[in-house]
>>> print(open('entry.pdb').read())   # PDB, C-alpha atoms, pLDDT in the B column
ATOM      1  CA  MET A  20     -14.983 -37.082  35.170  1.00 71.00           C
ATOM      2  CA  SER A  21     -11.388 -37.590  36.248  1.00 71.00           C
ATOM      3  CA  ALA A  22      -8.877 -34.764  36.572  1.00 70.00           C
ATOM      4  CA  ALA A  23      -7.000 -36.020  33.492  1.00 66.00           C
ATOM      5  CA  GLN A  24     -10.198 -36.020  31.415  1.00 70.00           C
ATOM      6  CA  GLU A  25     -11.053 -32.496  32.590  1.00 68.00           C
ATOM      7  CA  ARG A  26      -7.593 -31.223  31.561  1.00 63.00           C
ATOM      8  CA  ARG A  27      -7.906 -32.930  28.148  1.00 64.00           C
ATOM      9  CA  THR A  28     -11.346 -31.368  27.599  1.00 61.00           C
ATOM     10  CA  LEU A  29     -10.032 -27.936  28.625  1.00 57.00           C
ATOM     11  CA  LEU A  30      -7.061 -28.265  26.247  1.00 58.00           C
ATOM     12  CA  GLU A  31      -9.353 -29.355  23.417  1.00 67.00           C
ATOM     13  CA  ARG A  32     -11.585 -26.319  24.011  1.00 59.00           C
ATOM     14  CA  ARG A  33      -8.587 -23.978  24.054  1.00 57.00           C
ATOM     15  CA  THR A  34      -7.307 -25.501  20.817  1.00 56.00           C
ATOM     16  CA  VAL A  35     -10.673 -24.960  19.129  1.00 51.00           C
ATOM     17  CA  VAL A  36     -10.917 -21.369  20.397  1.00 53.00           C
ATOM     18  CA  LEU A  37      -7.366 -20.583  19.208  1.00 55.00           C
ATOM     19  CA  ALA A  38      -7.988 -22.156  15.795  1.00 51.00           C
ATOM     20  CA  VAL A  39     -11.220 -20.207  15.314  1.00 52.00           C
ATOM     21  CA  GLY A  40      -9.483 -16.993  16.384  1.00 53.00           C
ATOM     22  CA  ALA A  41      -6.598 -17.568  13.984  1.00 51.00           C
ATOM     23  CA  ALA A  42      -8.973 -18.298  11.118  1.00 51.00           C
ATOM     24  CA  GLY A  43     -10.938 -15.129  11.885  1.00 51.00           C
ATOM     25  CA  ALA A  44      -7.764 -13.029  11.960  1.00 48.00           C
ATOM     26  CA  ALA A  45      -6.622 -14.492   8.641  1.00 48.00           C
ATOM     27  CA  ALA A  46     -10.004 -13.734   7.077  1.00 46.00           C
ATOM     28  CA  ALA A  47      -9.925 -10.158   8.378  1.00 44.00           C
ATOM     29  CA  LEU A  48      -6.428  -9.558   7.010  1.00 42.00           C
ATOM     30  CA  THR A  49      -7.387 -11.019   3.656  1.00 41.00           C
ATOM     31  CA  ALA A  50     -10.470  -8.806   3.473  1.00 40.00           C
ATOM     32  CA  CYS A  51      -8.433  -5.691   4.309  1.00 40.00           C
ATOM     33  CA  GLY A  52      -5.583  -6.288   1.899  1.00 41.00           C
ATOM     34  CA  GLY A  53      -7.187  -8.172  -0.930  1.00 37.00           C
ATOM     35  CA  SER A  54      -5.203 -10.626  -3.004  1.00 35.00           C
ATOM     36  CA  ASP A  55      -5.418  -8.351  -6.026  1.00 37.00           C
ATOM     37  CA  GLY A  56      -3.327  -5.722  -4.264  1.00 36.00           C
ATOM     38  CA  SER A  57      -6.032  -3.105  -4.574  1.00 34.00           C
ATOM     39  CA  GLY A  58      -6.169  -2.424  -0.848  1.00 35.00           C
ATOM     40  CA  GLY A  59      -9.856  -1.682  -1.195  1.00 31.00           C
ATOM     41  CA  ALA A  60      -9.635   0.650  -4.182  1.00 29.00           C
ATOM     42  CA  GLU A  61     -12.116  -1.014  -6.492  1.00 26.00           C
ATOM     43  CA  SER A  62     -11.022   0.579  -9.759  1.00 27.00           C
ATOM     44  CA  VAL A  63      -7.301  -0.209  -9.549  1.00 28.00           C
ATOM     45  CA  GLU A  64      -6.537  -3.074 -11.888  1.00 30.00           C
ATOM     46  CA  GLN A  65      -3.692  -4.730 -13.740  1.00 31.00           C
ATOM     47  CA  GLN A  66      -2.523  -2.399 -16.492  1.00 37.00           C
ATOM     48  CA  PRO A  67      -1.196  -3.031 -20.007  1.00 37.00           C
ATOM     49  CA  GLY A  68       2.357  -4.312 -20.195  1.00 40.00           C
ATOM     50  CA  SER A  69       2.379  -5.672 -16.665  1.00 38.00           C
ATOM     51  CA  ASP A  70       3.658  -9.199 -16.336  1.00 38.00           C
ATOM     52  CA  GLY A  71       1.403  -9.941 -13.355  1.00 38.00           C
ATOM     53  CA  ALA A  72       4.282 -10.797 -11.019  1.00 39.00           C
ATOM     54  CA  GLY A  73       4.230  -9.344  -7.544  1.00 41.00           C
ATOM     55  CA  GLY A  74       7.085  -7.244  -6.238  1.00 44.00           C
ATOM     56  CA  GLY A  75       9.955  -6.180  -8.411  1.00 46.00           C
ATOM     57  CA  GLY A  76      13.330  -7.581  -9.202  1.00 56.00           C
ATOM     58  CA  GLY A  77      13.546  -6.726 -12.900  1.00 73.00           C
ATOM     59  CA  ALA A  78       9.884  -7.182 -13.779  1.00 72.00           C
ATOM     60  CA  VAL A  79       9.019  -5.306 -16.979  1.00 84.00           C
ATOM     61  CA  LEU A  80       6.135  -3.086 -15.994  1.00 88.00           C
ATOM     62  CA  ALA A  81       5.214  -1.387 -19.235  1.00 92.00           C
ATOM     63  CA  LYS A  82       6.276   0.106 -22.501  1.00 93.00           C
ATOM     64  CA  THR A  83       7.045   3.801 -22.375  1.00 95.00           C
ATOM     65  CA  ALA A  84       4.087   4.396 -24.709  1.00 94.00           C
ATOM     66  CA  ASP A  85       1.762   2.919 -22.022  1.00 94.00           C
ATOM     67  CA  ILE A  86       2.506   5.834 -19.647  1.00 94.00           C
ATOM     68  CA  PRO A  87       0.732   9.030 -20.764  1.00 95.00           C
ATOM     69  CA  GLU A  88       2.600  12.334 -20.608  1.00 96.00           C
ATOM     70  CA  GLY A  89       1.265  14.337 -17.664  1.00 95.00           C
ATOM     71  CA  GLY A  90      -0.294  11.162 -16.293  1.00 94.00           C
ATOM     72  CA  GLY A  91       0.676   7.731 -15.127  1.00 95.00           C
ATOM     73  CA  VAL A  92      -0.366   4.160 -14.518  1.00 95.00           C
ATOM     74  CA  VAL A  93      -0.963   2.357 -11.226  1.00 94.00           C
ATOM     75  CA  PHE A  94       0.348  -1.224 -11.189  1.00 93.00           C
ATOM     76  CA  ALA A  95      -1.679  -2.770  -8.378  1.00 92.00           C
ATOM     77  CA  ALA A  96       0.123  -6.123  -8.208  1.00 91.00           C
ATOM     78  CA  GLN A  97       3.517  -4.447  -7.854  1.00 92.00           C
ATOM     79  CA  LYS A  98       2.147  -1.660  -5.631  1.00 93.00           C
ATOM     80  CA  VAL A  99       3.841   0.979  -7.752  1.00 94.00           C
ATOM     81  CA  VAL A 100       2.686   3.999  -9.745  1.00 96.00           C
ATOM     82  CA  VAL A 101       4.749   5.083 -12.746  1.00 95.00           C
ATOM     83  CA  THR A 102       4.366   8.644 -14.015  1.00 96.00           C
ATOM     84  CA  GLN A 103       5.617  10.700 -16.954  1.00 95.00           C
ATOM     85  CA  PRO A 104       5.558  14.310 -15.676  1.00 95.00           C
ATOM     86  CA  THR A 105       7.208  15.637 -18.866  1.00 95.00           C
ATOM     87  CA  ALA A 106       7.976  13.966 -22.172  1.00 94.00           C
ATOM     88  CA  GLY A 107      10.547  11.203 -21.689  1.00 93.00           C
ATOM     89  CA  GLN A 108      10.871  11.681 -17.896  1.00 95.00           C
ATOM     90  CA  PHE A 109       9.592   8.643 -15.985  1.00 96.00           C
ATOM     91  CA  LYS A 110       9.189   8.494 -12.204  1.00 96.00           C
ATOM     92  CA  ALA A 111       7.972   5.733  -9.910  1.00 95.00           C
ATOM     93  CA  PHE A 112       6.526   5.820  -6.418  1.00 97.00           C
ATOM     94  CA  SER A 113       4.889   3.481  -3.970  1.00 95.00           C
ATOM     95  CA  ALA A 114       1.201   3.155  -4.824  1.00 95.00           C
ATOM     96  CA  THR A 115       0.351   3.042  -1.115  1.00 94.00           C
ATOM     97  CA  CYS A 116      -0.966   6.337   0.252  1.00 93.00           C
ATOM     98  CA  THR A 117       1.026   7.615   3.218  1.00 93.00           C
ATOM     99  CA  HIS A 118      -2.128   8.702   5.041  1.00 93.00           C
ATOM    100  CA  GLN A 119      -3.813   5.377   5.857  1.00 89.00           C
ATOM    101  CA  GLY A 120      -2.344   2.888   3.417  1.00 90.00           C
ATOM    102  CA  CYS A 121      -5.001   2.863   0.692  1.00 92.00           C
ATOM    103  CA  ALA A 122      -3.921   2.200  -2.885  1.00 92.00           C
ATOM    104  CA  VAL A 123      -3.715   5.325  -5.027  1.00 95.00           C
ATOM    105  CA  LYS A 124      -6.152   5.260  -7.922  1.00 93.00           C
ATOM    106  CA  ASP A 125      -4.995   7.298 -10.878  1.00 92.00           C
ATOM    107  CA  VAL A 126      -2.762  10.030 -12.267  1.00 94.00           C
ATOM    108  CA  VAL A 127      -4.339  12.936 -14.162  1.00 94.00           C
ATOM    109  CA  ASP A 128      -2.761  16.321 -14.965  1.00 96.00           C
ATOM    110  CA  ASN A 129       0.409  15.362 -13.044  1.00 96.00           C
ATOM    111  CA  VAL A 130      -1.569  14.629  -9.861  1.00 95.00           C
ATOM    112  CA  ILE A 131      -1.655  11.211  -8.188  1.00 95.00           C
ATOM    113  CA  THR A 132      -4.950  10.745  -6.314  1.00 94.00           C
ATOM    114  CA  CYS A 133      -5.871   8.494  -3.404  1.00 94.00           C
ATOM    115  CA  PRO A 134      -9.599   7.685  -3.491  1.00 92.00           C
ATOM    116  CA  CYS A 135      -9.982   6.990   0.228  1.00 92.00           C
ATOM    117  CA  HIS A 136      -9.635  10.516   1.628  1.00 92.00           C
ATOM    118  CA  ASN A 137      -8.733  12.519  -1.510  1.00 90.00           C
ATOM    119  CA  SER A 138      -5.070  13.036  -0.724  1.00 95.00           C
ATOM    120  CA  THR A 139      -3.160  14.152  -3.801  1.00 95.00           C
ATOM    121  CA  PHE A 140       0.520  13.927  -4.686  1.00 96.00           C
ATOM    122  CA  ASP A 141       2.778  15.597  -7.246  1.00 96.00           C
ATOM    123  CA  ALA A 142       3.524  13.160 -10.098  1.00 96.00           C
ATOM    124  CA  ALA A 143       7.110  14.426 -10.449  1.00 96.00           C
ATOM    125  CA  THR A 144       8.157  14.328  -6.783  1.00 96.00           C
ATOM    126  CA  GLY A 145       5.586  12.239  -4.893  1.00 95.00           C
ATOM    127  CA  SER A 146       5.119  15.151  -2.469  1.00 95.00           C
ATOM    128  CA  PRO A 147       1.636  15.684  -1.050  1.00 95.00           C
ATOM    129  CA  THR A 148      -0.270  18.561  -2.655  1.00 95.00           C
ATOM    130  CA  ALA A 149      -3.497  18.198  -0.651  1.00 90.00           C
ATOM    131  CA  GLY A 150      -4.247  16.397   2.615  1.00 85.00           C
ATOM    132  CA  PRO A 151      -4.881  14.625   4.774  1.00 92.00           C
ATOM    133  CA  ALA A 152      -1.577  12.957   3.730  1.00 90.00           C
ATOM    134  CA  THR A 153       1.454  14.915   4.927  1.00 92.00           C
ATOM    135  CA  GLN A 154       4.269  12.556   3.880  1.00 93.00           C
ATOM    136  CA  PRO A 155       5.426  12.012   0.283  1.00 95.00           C
ATOM    137  CA  LEU A 156       4.962   8.746  -1.567  1.00 95.00           C
ATOM    138  CA  PRO A 157       8.262   6.835  -1.291  1.00 96.00           C
ATOM    139  CA  ALA A 158      10.200   6.741  -4.567  1.00 96.00           C
ATOM    140  CA  ARG A 159      10.608   3.356  -6.261  1.00 94.00           C
ATOM    141  CA  GLU A 160      13.523   2.550  -8.503  1.00 94.00           C
ATOM    142  CA  ILE A 161      12.839   1.908 -12.171  1.00 93.00           C
ATOM    143  CA  SER A 162      15.004   1.758 -15.258  1.00 94.00           C
ATOM    144  CA  VAL A 163      14.087   2.711 -18.790  1.00 93.00           C
ATOM    145  CA  ALA A 164      15.848   0.788 -21.549  1.00 92.00           C
ATOM    146  CA  GLY A 165      14.650   1.432 -25.072  1.00 91.00           C
ATOM    147  CA  ASP A 166      10.877   1.389 -24.821  1.00 92.00           C
ATOM    148  CA  SER A 167      10.675  -0.829 -21.692  1.00 92.00           C
ATOM    149  CA  ILE A 168      10.189   0.325 -18.115  1.00 93.00           C
ATOM    150  CA  THR A 169      11.538  -2.143 -15.575  1.00 92.00           C
ATOM    151  CA  LEU A 170      11.046  -2.224 -11.822  1.00 89.00           C
ATOM    152  CA  ALA A 171      14.513  -2.470 -10.286  1.00 83.00           C
TER
END
>>> encode(input="entry.pdb", output="structure tokens")
Amino acid sequence: MSAAQERRTLLERRTVVLAVGAAGAAAALTACGGSDGSGGAESVEQQPGSDGAGGGGGAVLAKTADIPEGGGVVFAAQKVVVTQPTAGQFKAFSATCTHQGCAVKDVVDNVITCPCHNSTFDAATGSPTAGPATQPLPAREISVAGDSITLA
């Protein structure tokens, strides 16, 4: 085999190895994140009133009646949790736990719960109430107009 043929074969092998590595990395990232935005939390699903669009930018998330008083709703696709700590007071936070990035699961009795390691957060402030999370859930901006809650 000539030197030119050896170089071509080596380059072809490197190309194959790089392509396989890139495909493996893409598959691993897809498996970790999930296209449904659940981040591995099996029970988080699209909720009533959600338009199914990712992100924000004026997307109507829900009707105010969809958010229970003392509870809340996790919108997996938008990665946001909207709560109603007291009647008529609506708050929104990132639905990504500050401990290891899992998606929070639900809001019951004004407590937001992450199913991965049982961190809990106050539904009015986003502050951690039980660990291992030590940082609050970042606030998200919403607006309430009439009976519609919109992600700003």
>>> resolve_selection(input="entry.pdb", expression="the PyMOL selection byres ((chain A and resi 81) around 12)", output="MDAnalysis selection string")
chainID A and resid 65:71 77:80 82:87 91:94 97 99:102 109 161:170
>>> closest_residue(input="entry.pdb", among="A:Val130, A:Ala111, A:Ala122, A:Ala22", to="A:Arg159", atoms="all atoms listed in the file")
A:Ala111
>>> resolve_selection(input="entry.pdb", expression="the PyMOL selection byres ((chain A and resi 144-146) around 12)", output="PyMOL selection string")
chain A and resi 99-104+108-117+123+126+129-132+138-143+147-150+152-159
>>> closest_residue(input="entry.pdb", among="A:Gly90, A:Ala106, A:Val127, A:His118", to="A:Pro151", atoms="all atoms listed in the file")
A:His118
>>> atom_distance(input="entry.pdb", atom1="atom CA of A:Cys135", atom2="atom CA of A:Glu88")
24.9 Å
>>> axis_aligned_box(input="entry.pdb", around="stretch 102-109 of chain A", padding_each_side="8 Å", output="JSON")
{"center_x": 7.6, "center_y": 12.1, "center_z": -18.1, "size_x": 22.5, "size_y": 23.0, "size_z": 24.2}
>>> atom_distance(input="entry.pdb", atom1="atom CA of A:Cys133", atom2="atom CA of A:Cys121")
7.0 Å
